[in-house]
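Quick look at run-v2.txt (compact mmCIF, C-alpha atoms):
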```txt
# COMPACT_ATOMS: atom_id res chain seq x y z
CA MET A 1312 127.61 41.95 -10.69
CA THR A 1313 124.07 42.67 -11.85
CA VAL A 1314 122.67 41.99 -8.39
CA ALA A 1315 125.22 44.36 -6.91
CA ARG A 1316 124.25 47.00 -9.45
CA ILE A 1317 120.55 46.63 -8.64
CA LEU A 1318 121.32 46.94 -4.93
CA VAL A 1319 123.38 50.09 -5.54
CA ALA A 1320 120.59 51.59 -7.67
CA GLY A 1321 118.08 50.75 -4.93
CA ALA A 1322 120.34 52.36 -2.34
CA TRP A 1323 120.45 55.64 -4.31
CA LEU A 1324 116.66 55.58 -4.65
CA VAL A 1325 116.31 55.16 -0.90
CA ALA A 1326 118.98 57.84 -0.29
CA THR A 1327 117.15 60.30 -2.58
CA VAL A 1328 113.77 59.76 -0.92
CA GLY A 1329 115.46 59.79 2.51
CA ALA A 1330 117.27 63.06 1.78
CA TYR A 1331 114.00 64.61 0.60
CA LEU A 1332 112.05 63.41 3.66
CA THR A 1333 114.81 64.80 5.91
CA ALA A 1334 114.49 68.10 4.05
CA VAL A 1335 110.69 68.04 4.48
CA ALA A 1336 111.13 67.43 8.24
CA LEU A 1337 113.58 70.37 8.49
CA HIS A 1338 111.18 72.51 6.47
CA ALA A 1339 108.36 71.64 8.89
CA ARG A 1340 110.58 72.30 11.91
CA ALA A 1341 111.49 75.73 10.47
CA ARG A 1342 107.75 76.41 10.44
CA ARG A 1343 107.72 76.13 6.65
CA HIS A 1344 110.03 79.07 6.15
CA PRO A 1345 110.57 79.34 2.35
CA PHE A 1346 114.36 79.77 2.80
CA VAL A 1347 114.48 76.21 4.15
CA ASN A 1348 113.93 74.86 0.63
CA THR A 1349 113.36 71.11 0.41
CA VAL A 1350 115.00 70.55 -3.01
CA ALA A 1351 118.10 72.59 -2.09
CA ILE A 1352 118.54 70.70 1.21
CA ALA A 1353 118.09 67.29 -0.42
CA VAL A 1354 120.70 68.25 -3.05
CA ALA A 1355 123.06 69.46 -0.31
CA ILE A 1356 122.72 66.07 1.42
CA LEU A 1357 123.14 63.98 -1.75
CA VAL A 1358 126.09 65.74 -3.46
CA PRO A 1359 128.56 65.01 -0.59
CA LEU A 1360 127.26 61.41 -0.52
CA LEU A 1361 128.09 61.02 -4.22
CA LEU A 1362 131.51 62.62 -3.75
CA VAL A 1363 132.42 60.44 -0.75
CA THR A 1364 131.37 57.24 -2.57
CA HIS A 1365 133.11 58.36 -5.83
CA THR A 1366 129.83 57.94 -7.70
CA PRO A 1367 129.74 59.72 -11.10
CA TYR A 1368 126.60 61.82 -11.60
CA ALA A 1369 125.57 59.75 -14.65
CA ASP A 1370 125.49 56.58 -12.50
CA TYR A 1371 123.43 58.32 -9.83
CA ALA A 1372 121.04 59.77 -12.42
CA ALA A 1373 120.49 56.29 -13.87
CA SER A 1374 119.75 54.88 -10.40
CA ALA A 1375 117.37 57.73 -9.53
CA ARG A 1376 115.59 57.56 -12.88
CA PRO A 1377 112.34 56.10 -11.44
CA ILE A 1378 112.03 59.32 -9.43
CA SER A 1379 112.86 61.72 -12.28
CA LEU A 1380 110.43 59.83 -14.52
CA LEU A 1381 107.53 60.78 -12.21
CA LEU A 1382 108.06 64.41 -13.23
CA GLY A 1383 106.24 63.53 -16.48
CA PRO A 1384 102.98 62.29 -14.89
CA ALA A 1385 103.18 65.09 -12.28
CA THR A 1386 103.33 67.66 -15.09
CA VAL A 1387 100.33 65.97 -16.75
CA ALA A 1388 98.44 66.09 -13.42
CA LEU A 1389 98.80 69.90 -13.46
CA ALA A 1390 95.80 69.85 -15.81
CA LEU A 1391 93.61 69.18 -12.74
CA PRO A 1392 94.17 72.49 -10.87
CA LEU A 1393 94.10 74.28 -14.23
CA HIS A 1394 90.68 72.77 -14.95
CA ARG A 1395 89.36 73.50 -11.44
CA SER A 1396 89.75 77.25 -11.87
CA MET A 1397 88.77 77.64 -15.47
CA ALA A 1398 86.15 80.28 -14.60
CA THR A 1399 88.70 82.51 -12.83
CA LEU A 1400 91.18 82.04 -15.66
CA LYS A 1401 88.69 83.01 -18.37
CA ALA A 1402 88.01 86.32 -16.64
CA ALA A 1403 91.69 87.35 -16.82
CA VAL A 1404 92.89 86.78 -20.37
CA LYS A 1405 94.51 90.21 -20.89
CA PRO A 1406 96.27 90.40 -17.50
CA VAL A 1407 97.58 86.87 -18.08
CA ALA A 1408 99.00 87.82 -21.48
CA ALA A 1409 100.61 90.97 -20.01
CA GLY A 1410 102.12 89.09 -17.07
CA LEU A 1411 103.36 86.31 -19.32
CA LEU A 1412 105.19 88.54 -21.79
CA ALA A 1413 106.60 90.84 -19.11
CA GLY A 1414 107.76 87.91 -16.98
CA VAL A 1415 109.45 85.99 -19.81
CA ALA A 1416 111.14 89.10 -21.22
CA ALA A 1417 112.25 90.53 -17.87
CA SER A 1418 113.71 87.24 -16.56
CA ALA A 1419 115.77 86.54 -19.67
CA THR A 1420 116.91 90.11 -20.35
CA SER A 1421 117.92 90.89 -16.79
CA ALA A 1422 119.79 87.58 -16.40
CA VAL A 1423 121.83 88.16 -19.57
CA LEU A 1424 122.51 91.86 -18.88
CA ILE A 1425 123.57 91.36 -15.26
CA ALA A 1426 125.78 88.33 -15.92
CA GLY A 1427 127.28 90.11 -18.95
CA ALA A 1428 128.08 93.22 -16.94
CA LEU A 1429 129.81 91.05 -14.32
CA GLY A 1430 131.98 89.34 -16.93
CA ALA A 1431 130.34 85.99 -17.68
CA THR A 1432 131.45 84.24 -20.89
CA ARG A 1433 129.35 84.14 -24.05
CA VAL A 1434 128.39 80.47 -23.59
CA THR A 1435 127.30 81.11 -20.00
CA LEU A 1436 125.16 84.07 -21.12
CA ARG A 1437 123.45 81.97 -23.77
CA SER A 1438 122.91 79.19 -21.25
CA LEU A 1439 121.31 81.69 -18.84
CA ALA A 1440 118.78 83.20 -21.25
CA PRO A 1441 116.17 80.36 -21.22
CA LYS A 1442 116.59 79.45 -17.51
CA SER A 1443 113.07 80.40 -16.38
CA VAL A 1444 111.17 77.87 -18.47
CA THR A 1445 110.67 74.17 -17.70
CA THR A 1446 113.86 72.05 -18.10
CA PRO A 1447 113.32 70.15 -21.39
CA ILE A 1448 112.40 73.38 -23.21
CA ALA A 1449 115.16 75.40 -21.58
CA MET A 1450 117.76 72.81 -22.63
CA ALA A 1451 116.48 72.71 -26.21
CA VAL A 1452 116.44 76.52 -26.51
CA SER A 1453 119.92 76.77 -24.96
CA ALA A 1454 121.40 74.29 -27.43
CA ARG A 1455 119.75 76.15 -30.29
CA ILE A 1456 121.17 79.58 -29.41
CA GLY A 1457 124.70 78.35 -28.67
CA GLY A 1458 124.52 77.69 -24.93
CA ASP A 1459 125.47 74.58 -22.96
CA ALA A 1460 122.31 72.51 -22.32
CA SER A 1461 123.58 70.79 -19.17
CA LEU A 1462 124.68 74.13 -17.70
CA THR A 1463 121.19 75.46 -18.49
CA ALA A 1464 119.64 72.51 -16.62
CA VAL A 1465 121.50 73.63 -13.49
CA PHE A 1466 120.44 77.27 -13.97
CA VAL A 1467 116.81 76.15 -14.35
CA ILE A 1468 116.87 74.27 -11.03
CA VAL A 1469 118.61 77.12 -9.18
CA THR A 1470 116.08 79.60 -10.60
CA GLY A 1471 113.22 77.40 -9.39
CA ILE A 1472 114.73 77.10 -5.91
CA VAL A 1473 115.36 80.88 -5.67
CA GLY A 1474 111.81 81.56 -6.88
CA ALA A 1475 110.34 79.21 -4.27
CA MET A 1476 112.47 80.83 -1.56
CA VAL A 1477 111.61 84.49 -2.18
CA VAL A 1478 107.87 83.90 -2.48
CA PRO A 1479 105.63 85.16 -0.88
CA GLY A 1480 108.03 87.57 0.88
CA LEU A 1481 108.86 89.42 -2.33
CA PHE A 1482 105.18 89.92 -3.18
CA ARG A 1483 104.46 91.30 0.29
CA TRP A 1484 107.39 93.68 -0.09
CA VAL A 1485 106.24 95.04 -3.48
CA ARG A 1486 102.61 94.96 -2.23
CA ILE A 1487 101.17 92.58 -4.80
CA ASP A 1488 98.37 90.72 -3.05
CA ASP A 1489 96.33 89.49 -6.03
CA PRO A 1490 96.72 85.67 -5.80
CA ARG A 1491 96.23 85.42 -9.58
CA ALA A 1492 99.17 87.77 -10.28
CA ARG A 1493 101.34 85.97 -7.69
CA GLY A 1494 100.61 82.54 -9.15
CA LEU A 1495 101.10 83.54 -12.77
CA ALA A 1496 104.45 85.17 -12.02
CA MET A 1497 105.62 82.06 -10.14
CA GLY A 1498 104.82 79.80 -13.09
CA VAL A 1499 106.38 82.20 -15.61
CA ALA A 1500 109.56 83.10 -13.68
CA ALA A 1501 110.14 79.83 -11.79
CA HIS A 1502 108.51 77.06 -13.92
CA GLY A 1503 107.57 73.75 -12.24
CA LEU A 1504 109.33 74.43 -8.96
CA GLY A 1505 107.51 77.74 -8.59
CA THR A 1506 104.34 75.83 -9.41
CA ALA A 1507 105.14 73.09 -6.88
CA ARG A 1508 105.62 75.86 -4.31
CA ALA A 1509 102.24 77.33 -5.24
CA VAL A 1510 100.58 74.07 -4.07
CA ALA A 1511 101.22 75.27 -0.51
CA LEU A 1512 99.99 78.83 -1.11
CA GLY A 1513 96.46 78.34 -2.41
CA ALA A 1514 94.18 77.03 -5.14
CA THR A 1515 94.13 80.28 -7.14
CA GLU A 1516 97.93 80.67 -6.93
CA LEU A 1517 98.31 77.08 -8.10
CA SER A 1518 96.07 77.28 -11.13
CA PHE A 1519 97.61 80.56 -12.31
CA ALA A 1520 101.09 79.13 -11.75
CA VAL A 1521 100.19 76.16 -13.96
CA LEU A 1522 98.85 78.55 -16.57
CA GLY A 1523 102.00 80.69 -16.41
CA MET A 1524 104.28 77.68 -16.64
CA SER A 1525 102.52 76.12 -19.62
CA LEU A 1526 102.11 79.39 -21.53
CA SER A 1527 105.78 80.18 -20.95
CA ALA A 1528 106.65 76.75 -22.36
CA VAL A 1529 104.84 77.77 -25.54
CA VAL A 1530 106.15 81.35 -25.79
CA THR A 1531 109.81 80.98 -24.69
CA PRO A 1532 111.01 78.71 -27.55
CA VAL A 1533 109.73 81.40 -29.94
CA LEU A 1534 110.83 84.58 -28.14
CA ILE A 1535 114.33 83.71 -26.87
CA PRO A 1536 115.89 82.48 -30.16
CA LEU A 1537 114.36 85.53 -31.85
CA ALA A 1538 115.88 87.89 -29.28
CA ALA A 1539 119.22 86.07 -29.49
CA GLN A 1540 119.22 86.63 -33.24
CA LEU A 1541 118.26 90.30 -32.95
CA PHE A 1542 120.75 91.25 -30.26
CA GLY A 1543 123.49 88.78 -31.18
CA MET B 1393 94.14 55.74 -6.59
CA PHE B 1394 95.84 53.26 -8.93
CA PRO B 1395 93.33 53.59 -11.79
CA SER B 1396 93.79 57.36 -11.69
CA LEU B 1397 97.60 57.08 -11.71
CA LEU B 1398 97.38 54.68 -14.63
CA LEU B 1399 95.16 57.05 -16.59
CA ILE B 1400 97.55 59.96 -15.94
CA LEU B 1401 100.44 57.78 -17.11
CA LEU B 1402 98.51 57.04 -20.32
CA PHE B 1403 98.12 60.77 -21.00
CA ASP B 1404 101.85 61.19 -20.35
CA LEU B 1405 102.66 58.46 -22.89
CA ALA B 1406 100.22 59.90 -25.42
CA GLY B 1407 101.83 63.33 -25.00
CA GLU B 1408 105.29 61.83 -25.39
CA ALA B 1409 104.23 59.99 -28.56
CA LEU B 1410 102.58 63.07 -30.08
CA SER B 1411 105.56 65.27 -29.26
CA ARG B 1412 108.01 62.81 -30.78
CA PHE B 1413 106.20 61.60 -33.89
CA LEU B 1414 104.32 64.73 -34.89
CA HIS B 1415 107.29 66.99 -34.06
CA VAL B 1416 105.26 69.23 -31.77
CA PRO B 1417 107.88 71.69 -30.45
CA LEU B 1418 106.76 71.06 -26.83
CA PRO B 1419 107.97 68.43 -24.35
CA GLY B 1420 105.82 65.28 -24.04
CA PRO B 1421 104.51 65.97 -20.51
CA VAL B 1422 103.33 69.47 -21.50
CA VAL B 1423 101.48 67.99 -24.51
CA GLY B 1424 100.05 65.32 -22.16
CA MET B 1425 98.85 68.03 -19.79
CA LEU B 1426 97.12 69.88 -22.64
CA LEU B 1427 95.49 66.60 -23.78
CA LEU B 1428 94.25 65.86 -20.26
CA PHE B 1429 93.01 69.44 -19.93
CA ALA B 1430 91.02 69.05 -23.17
CA ALA B 1431 89.62 65.72 -21.91
CA LEU B 1432 88.55 67.36 -18.63
CA THR B 1433 86.76 70.13 -20.51
CA PHE B 1434 84.70 67.60 -22.46
CA ARG B 1435 84.15 65.07 -19.66
CA GLU B 1436 83.58 66.85 -16.38
CA ARG B 1437 83.41 63.57 -14.41
CA VAL B 1438 86.98 62.57 -15.31
CA ALA B 1439 88.27 65.30 -12.98
CA GLU B 1440 86.84 63.60 -9.88
CA ALA B 1441 88.11 60.20 -10.97
CA LEU B 1442 91.64 61.53 -11.45
CA ALA B 1443 91.81 63.61 -8.28
CA PRO B 1444 93.30 60.98 -5.87
CA GLY B 1445 96.32 60.08 -8.00
CA GLY B 1446 96.74 63.55 -9.46
CA ASP B 1447 96.78 65.33 -6.12
CA LEU B 1448 99.25 62.76 -4.76
CA LEU B 1449 101.66 63.45 -7.65
CA LEU B 1450 101.33 67.21 -7.16
CA ARG B 1451 102.01 66.96 -3.41
CA TRP B 1452 105.29 65.12 -4.11
CA MET B 1453 106.28 67.11 -7.18
CA ALA B 1454 109.31 68.80 -5.57
CA LEU B 1455 110.90 65.38 -4.89
CA PHE B 1456 110.91 64.60 -8.60
CA PHE B 1457 113.24 67.59 -9.20
CA VAL B 1458 115.90 66.34 -6.77
CA PRO B 1459 117.87 64.04 -9.15
CA ALA B 1460 118.14 66.89 -11.69
CA GLY B 1461 119.23 69.24 -8.88
CA VAL B 1462 122.10 66.92 -7.94
CA GLY B 1463 123.36 67.61 -11.49
CA VAL B 1464 124.78 70.85 -10.07
CA MET B 1465 127.92 68.84 -9.30
CA THR B 1466 128.64 68.26 -13.00
CA GLN B 1467 129.06 72.01 -13.53
CA ALA B 1468 131.52 72.65 -10.71
CA GLN B 1469 134.16 74.07 -13.08
CA VAL B 1470 131.96 76.73 -14.65
CA LEU B 1471 130.41 77.59 -11.31
CA ARG B 1472 133.84 77.98 -9.66
CA ALA B 1473 135.13 80.26 -12.44
CA GLU B 1474 131.95 82.35 -12.86
CA TRP B 1475 130.16 82.03 -9.54
CA LEU B 1476 129.76 85.77 -9.04
CA PRO B 1477 128.08 86.77 -12.35
CA VAL B 1478 126.05 83.55 -12.34
CA SER B 1479 124.73 83.75 -8.78
CA VAL B 1480 123.97 87.49 -8.91
CA ALA B 1481 122.26 87.09 -12.30
CA LEU B 1482 120.20 84.07 -11.18
CA VAL B 1483 118.95 85.64 -7.95
CA ALA B 1484 118.35 89.14 -9.35
CA SER B 1485 116.69 88.00 -12.60
CA THR B 1486 114.33 85.67 -10.71
CA LEU B 1487 113.27 88.54 -8.44
CA ILE B 1488 112.90 90.85 -11.45
CA GLY B 1489 110.97 88.22 -13.45
CA LEU B 1490 108.57 87.56 -10.56
CA GLY B 1491 108.05 91.28 -9.95
CA ALA B 1492 107.62 92.15 -13.63
CA GLY B 1493 105.20 89.26 -14.28
CA ALA B 1494 103.02 89.96 -11.26
CA GLY B 1495 103.28 93.75 -11.72
CA ALA B 1496 102.23 93.62 -15.37
CA PHE B 1497 99.30 91.37 -14.44
CA VAL B 1498 98.07 93.80 -11.78
CA LEU B 1499 98.48 96.84 -14.07
CA ALA B 1500 96.60 95.14 -16.93
CA ALA B 1501 93.83 94.01 -14.57
CA ARG B 1502 93.46 97.55 -13.28
CA ALA B 1503 93.53 99.16 -16.74
CA ARG B 1504 90.51 97.17 -17.84
CA ARG B 1505 88.21 98.64 -15.27
```
As structure tokens - that is how I would like this structure written.
Amino acid sequence: MTVARILVAGAWLVATVGAYLTAVALHARARRHPFVNTVAIAVAILVPLLLVTHTPYADYAASARPISLLLGPATVALALPLHRSMATLKAAVKPVAAGLLAGVAASATSAVLIAGALGATRVTLRSLAPKSVTTPIAMAVSARIGGDASLTAVFVIVTGIVGAMVVPGLFRWVRIDDPRARGLAMGVAAHGLGTARAVALGATELSFAVLGMSLSAVVTPVLIPLAAQLFG
Amino acid sequence: MFPSLLLILLFDLAGEALSRFLHVPLPGPVVGMLLLFAALTFRERVAEALAPGGDLLLRWMALFFVPAGVGVMTQAQVLRAEWLPVSVALVASTLIGLGAGAGAFVLAARARR
């Protein structure tokens, strides 16, 4: 019984890494087109596998835990690119503050207003509001303002994938070519996945994405509950 | 590479402990990152020592989001009932957030000169 369980857990680990490597290969074959998103493809491979094998998500999540656990050390490692471009960061304190506040406010407000206008329920709206910040914070904020934390976790991932897909095309379209502005916005509007995407774009993008992501993690748990209270 | 991974793991654990026992309203890994950042500021040499493991983790970071992404399947009901408002809101607000963040940065950078 226990041996069987360990084997099953090992199989899901292998399947997860395999799905991701397949996605990376497809991404490379598509000449790194951002629409061919590695996380989205890996998820699209794994979900049918779970359904076919009648595996509940909780069982899969327990098996894949060694992989999810690495998100902690990876987040810690973000201090390295942040440190490497300290000089550039210090020269842009005001623009960073402006981009941070505008990004956090615009993401949350537009998500709630658009979904509300299209008829989403109250719980869904409250689960949407904190979706741009990193998962643990988003889930905590969601629970606090009356949303559904697990629904928020899904919204956070989708937001990150969408953010990674539309960049840098969106920035070319609106003619923003400052790598600092691009990076900061990716960290603020698309948290860790936007930051992971910035690894491929450049050192300046990456360090400003890290800055945006971490500052948003500090500011969002203050701003969103406040706004939820003000606008009910 | 292994010593650097181990050191990063230690910062992660320290961040987790601080966040839990001192009730810092930030997740453990974010506290760990701030701790490591402070350490790097005081000890320049640590950055080089940590680079092999740290850069490896960053290169694979997207993989670590996959198990959470599979969680989409647990929300099938909500997504089936409200797919239109949810998908339009998620795509549009991400575009708006990216544009507003980057736009405000550029405007503020320009205003200073």
From the set A:Ala1416, A:Ala1440, A:Ala1409, A:Leu1424, which residue has the shortest atom-to-atom contact distance to Phe1497 (chain B), counting only C-alpha atoms?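 For Phe1497 (chain B), the nearest of the candidates is A:Ala1409.
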Residues of chain A were defined as contacting chain B if any atom lay at most 7 Å from it, counting all atoms listed in the file; please report them as number ranges by chain. A: 1331, 1350, 1353-1354, 1357-1358, 1368, 1372, 1375, 1378-1379, 1381-1391, 1394, 1405-1407, 1409-1411, 1413-1415, 1417-1418, 1421-1422, 1425-1426, 1429-1431, 1447-1448, 1462, 1465, 1468, 1470, 1473-1474, 1492-1493, 1495-1497, 1500, 1504, 1507, 1525
Please produce an output containing C-alpha atoms for each residue in the selection, written as a compact mmCIF listing (two decimals), keeping the file's coordinate frame.
```txt
# COMPACT_ATOMS: atom_id res chain seq x y z
CA TYR A 1331 114.00 64.61 0.60
CA VAL A 1350 115.00 70.55 -3.01
CA ALA A 1353 118.09 67.29 -0.42
CA VAL A 1354 120.70 68.25 -3.05
CA LEU A 1357 123.14 63.98 -1.75
CA VAL A 1358 126.09 65.74 -3.46
CA TYR A 1368 126.60 61.82 -11.60
CA ALA A 1372 121.04 59.77 -12.42
CA ALA A 1375 117.37 57.73 -9.53
CA ILE A 1378 112.03 59.32 -9.43
CA SER A 1379 112.86 61.72 -12.28
CA LEU A 1381 107.53 60.78 -12.21
CA LEU A 1382 108.06 64.41 -13.23
CA GLY A 1383 106.24 63.53 -16.48
CA PRO A 1384 102.98 62.29 -14.89
CA ALA A 1385 103.18 65.09 -12.28
CA THR A 1386 103.33 67.66 -15.09
CA VAL A 1387 100.33 65.97 -16.75
CA ALA A 1388 98.44 66.09 -13.42
CA LEU A 1389 98.80 69.90 -13.46
CA ALA A 1390 95.80 69.85 -15.81
CA LEU A 1391 93.61 69.18 -12.74
CA HIS A 1394 90.68 72.77 -14.95
CA LYS A 1405 94.51 90.21 -20.89
CA PRO A 1406 96.27 90.40 -17.50
CA VAL A 1407 97.58 86.87 -18.08
CA ALA A 1409 100.61 90.97 -20.01
CA GLY A 1410 102.12 89.09 -17.07
CA LEU A 1411 103.36 86.31 -19.32
CA ALA A 1413 106.60 90.84 -19.11
CA GLY A 1414 107.76 87.91 -16.98
CA VAL A 1415 109.45 85.99 -19.81
CA ALA A 1417 112.25 90.53 -17.87
CA SER A 1418 113.71 87.24 -16.56
CA SER A 1421 117.92 90.89 -16.79
CA ALA A 1422 119.79 87.58 -16.40
CA ILE A 1425 123.57 91.36 -15.26
CA ALA A 1426 125.78 88.33 -15.92
CA LEU A 1429 129.81 91.05 -14.32
CA GLY A 1430 131.98 89.34 -16.93
CA ALA A 1431 130.34 85.99 -17.68
CA PRO A 1447 113.32 70.15 -21.39
CA ILE A 1448 112.40 73.38 -23.21
CA LEU A 1462 124.68 74.13 -17.70
CA VAL A 1465 121.50 73.63 -13.49
CA ILE A 1468 116.87 74.27 -11.03
CA THR A 1470 116.08 79.60 -10.60
CA VAL A 1473 115.36 80.88 -5.67
CA GLY A 1474 111.81 81.56 -6.88
CA ALA A 1492 99.17 87.77 -10.28
CA ARG A 1493 101.34 85.97 -7.69
CA LEU A 1495 101.10 83.54 -12.77
CA ALA A 1496 104.45 85.17 -12.02
CA MET A 1497 105.62 82.06 -10.14
CA ALA A 1500 109.56 83.10 -13.68
CA LEU A 1504 109.33 74.43 -8.96
CA ALA A 1507 105.14 73.09 -6.88
CA SER A 1525 102.52 76.12 -19.62
```
At most 12 Å from (99.7, 78.0, -3.0), file frame, all atoms listed in the file: which residues, as number ranges by chain? A: 1392, 1475, 1478-1479, 1490-1491, 1493-1495, 1497-1498, 1504-1521; B: 1450-1451
To one decimal place, how far is CA of Ser1411 (chain B) from CA of Ser1374 (chain A) in Å?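 Pair CA of Ser1411 (chain B) / CA of Ser1374 (chain A) returns 25.8 Å.
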The residues within 12 Å of (114.4, 82.0, 1.9), using only C-alpha atoms and the coordinates of the file, should be reported as a PDB file with C-alpha atoms, in the coordinates of the input; which are they?
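Written file, part-v6.pdb:
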```
ATOM      1  CA  HIS A1338     111.180  72.510   6.470  1.00  0.00           C
ATOM      2  CA  ALA A1341     111.490  75.730  10.470  1.00  0.00           C
ATOM      3  CA  ARG A1343     107.720  76.130   6.650  1.00  0.00           C
ATOM      4  CA  HIS A1344     110.030  79.070   6.150  1.00  0.00           C
ATOM      5  CA  PRO A1345     110.570  79.340   2.350  1.00  0.00           C
ATOM      6  CA  PHE A1346     114.360  79.770   2.800  1.00  0.00           C
ATOM      7  CA  VAL A1347     114.480  76.210   4.150  1.00  0.00           C
ATOM      8  CA  ASN A1348     113.930  74.860   0.630  1.00  0.00           C
ATOM      9  CA  THR A1349     113.360  71.110   0.410  1.00  0.00           C
ATOM     10  CA  ALA A1351     118.100  72.590  -2.090  1.00  0.00           C
ATOM     11  CA  ILE A1472     114.730  77.100  -5.910  1.00  0.00           C
ATOM     12  CA  VAL A1473     115.360  80.880  -5.670  1.00  0.00           C
ATOM     13  CA  GLY A1474     111.810  81.560  -6.880  1.00  0.00           C
ATOM     14  CA  ALA A1475     110.340  79.210  -4.270  1.00  0.00           C
ATOM     15  CA  MET A1476     112.470  80.830  -1.560  1.00  0.00           C
ATOM     16  CA  VAL A1477     111.610  84.490  -2.180  1.00  0.00           C
ATOM     17  CA  VAL A1478     107.870  83.900  -2.480  1.00  0.00           C
ATOM     18  CA  PRO A1479     105.630  85.160  -0.880  1.00  0.00           C
ATOM     19  CA  GLY A1480     108.030  87.570   0.880  1.00  0.00           C
ATOM     20  CA  LEU A1481     108.860  89.420  -2.330  1.00  0.00           C
TER      21      LEU A1481
ATOM     22  CA  VAL B1483     118.950  85.640  -7.950  1.00  0.00           C
TER      23      VAL B1483
END
```
Which value, in Å to one decimal, gives the distance between CA of Ala1428 (chain A) and CA of Thr1531 (chain A)?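 CA of Thr1531 (chain A) lies 23.3 Å from CA of Ala1428 (chain A).
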d(CA of Pro1444 (chain B), CA of Asp1489 (chain A)) in Å: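 Going from CA of Pro1444 (chain B) over to CA of Asp1489 (chain A), I get 28.7 Å.
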Fill-in result for region 1406-1421 of chain B, N, CA and C atoms as an mmCIF file, keeping the file's coordinate frame:
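For reference, result.cif as written:
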```cif
data_model
loop_
_atom_site.group_PDB
_atom_site.id
_atom_site.type_symbol
_atom_site.label_atom_id
_atom_site.label_comp_id
_atom_site.auth_asym_id
_atom_site.auth_seq_id
_atom_site.Cartn_x
_atom_site.Cartn_y
_atom_site.Cartn_z
ATOM 1 N N ALA B 1406 100.826 59.336 -24.217
ATOM 2 C CA ALA B 1406 100.220 59.900 -25.420
ATOM 3 C C ALA B 1406 100.890 61.216 -25.782
ATOM 4 N N GLY B 1407 101.152 62.050 -24.763
ATOM 5 C CA GLY B 1407 101.830 63.330 -25.000
ATOM 6 C C GLY B 1407 103.225 63.114 -25.542
ATOM 7 N N GLU B 1408 103.933 62.142 -24.956
ATOM 8 C CA GLU B 1408 105.290 61.830 -25.390
ATOM 9 C C GLU B 1408 105.279 61.377 -26.847
ATOM 10 N N ALA B 1409 104.320 60.504 -27.194
ATOM 11 C CA ALA B 1409 104.230 59.990 -28.560
ATOM 12 C C ALA B 1409 103.929 61.116 -29.547
ATOM 13 N N LEU B 1410 102.952 61.957 -29.198
ATOM 14 C CA LEU B 1410 102.580 63.070 -30.080
ATOM 15 C C LEU B 1410 103.770 64.002 -30.290
ATOM 16 N N SER B 1411 104.441 64.335 -29.189
ATOM 17 C CA SER B 1411 105.560 65.270 -29.260
ATOM 18 C C SER B 1411 106.674 64.711 -30.131
ATOM 19 N N ARG B 1412 106.895 63.397 -30.046
ATOM 20 C CA ARG B 1412 108.010 62.810 -30.780
ATOM 21 C C ARG B 1412 107.674 62.580 -32.245
ATOM 22 N N PHE B 1413 106.480 62.016 -32.512
ATOM 23 C CA PHE B 1413 106.200 61.600 -33.890
ATOM 24 C C PHE B 1413 105.582 62.699 -34.732
ATOM 25 N N LEU B 1414 104.906 63.642 -34.092
ATOM 26 C CA LEU B 1414 104.320 64.730 -34.890
ATOM 27 C C LEU B 1414 105.187 65.982 -34.825
ATOM 28 N N HIS B 1415 106.358 65.861 -34.176
ATOM 29 C CA HIS B 1415 107.290 66.990 -34.060
ATOM 30 C C HIS B 1415 106.638 68.246 -33.518
ATOM 31 N N VAL B 1416 105.788 68.068 -32.482
ATOM 32 C CA VAL B 1416 105.260 69.230 -31.770
ATOM 33 C C VAL B 1416 106.423 69.813 -30.979
ATOM 34 N N PRO B 1417 106.698 71.122 -31.120
ATOM 35 C CA PRO B 1417 107.880 71.690 -30.450
ATOM 36 C C PRO B 1417 107.675 71.901 -28.948
ATOM 37 N N LEU B 1418 106.977 70.977 -28.277
ATOM 38 C CA LEU B 1418 106.760 71.060 -26.830
ATOM 39 C C LEU B 1418 107.138 69.726 -26.215
ATOM 40 N N PRO B 1419 107.628 69.715 -24.959
ATOM 41 C CA PRO B 1419 107.970 68.430 -24.350
ATOM 42 C C PRO B 1419 106.732 67.562 -24.132
ATOM 43 N N GLY B 1420 106.919 66.236 -24.184
ATOM 44 C CA GLY B 1420 105.820 65.280 -24.040
ATOM 45 C C GLY B 1420 104.879 65.559 -22.882
ATOM 46 N N PRO B 1421 105.400 65.752 -21.649
ATOM 47 C CA PRO B 1421 104.510 65.970 -20.510
ATOM 48 C C PRO B 1421 103.617 67.207 -20.662
#
```
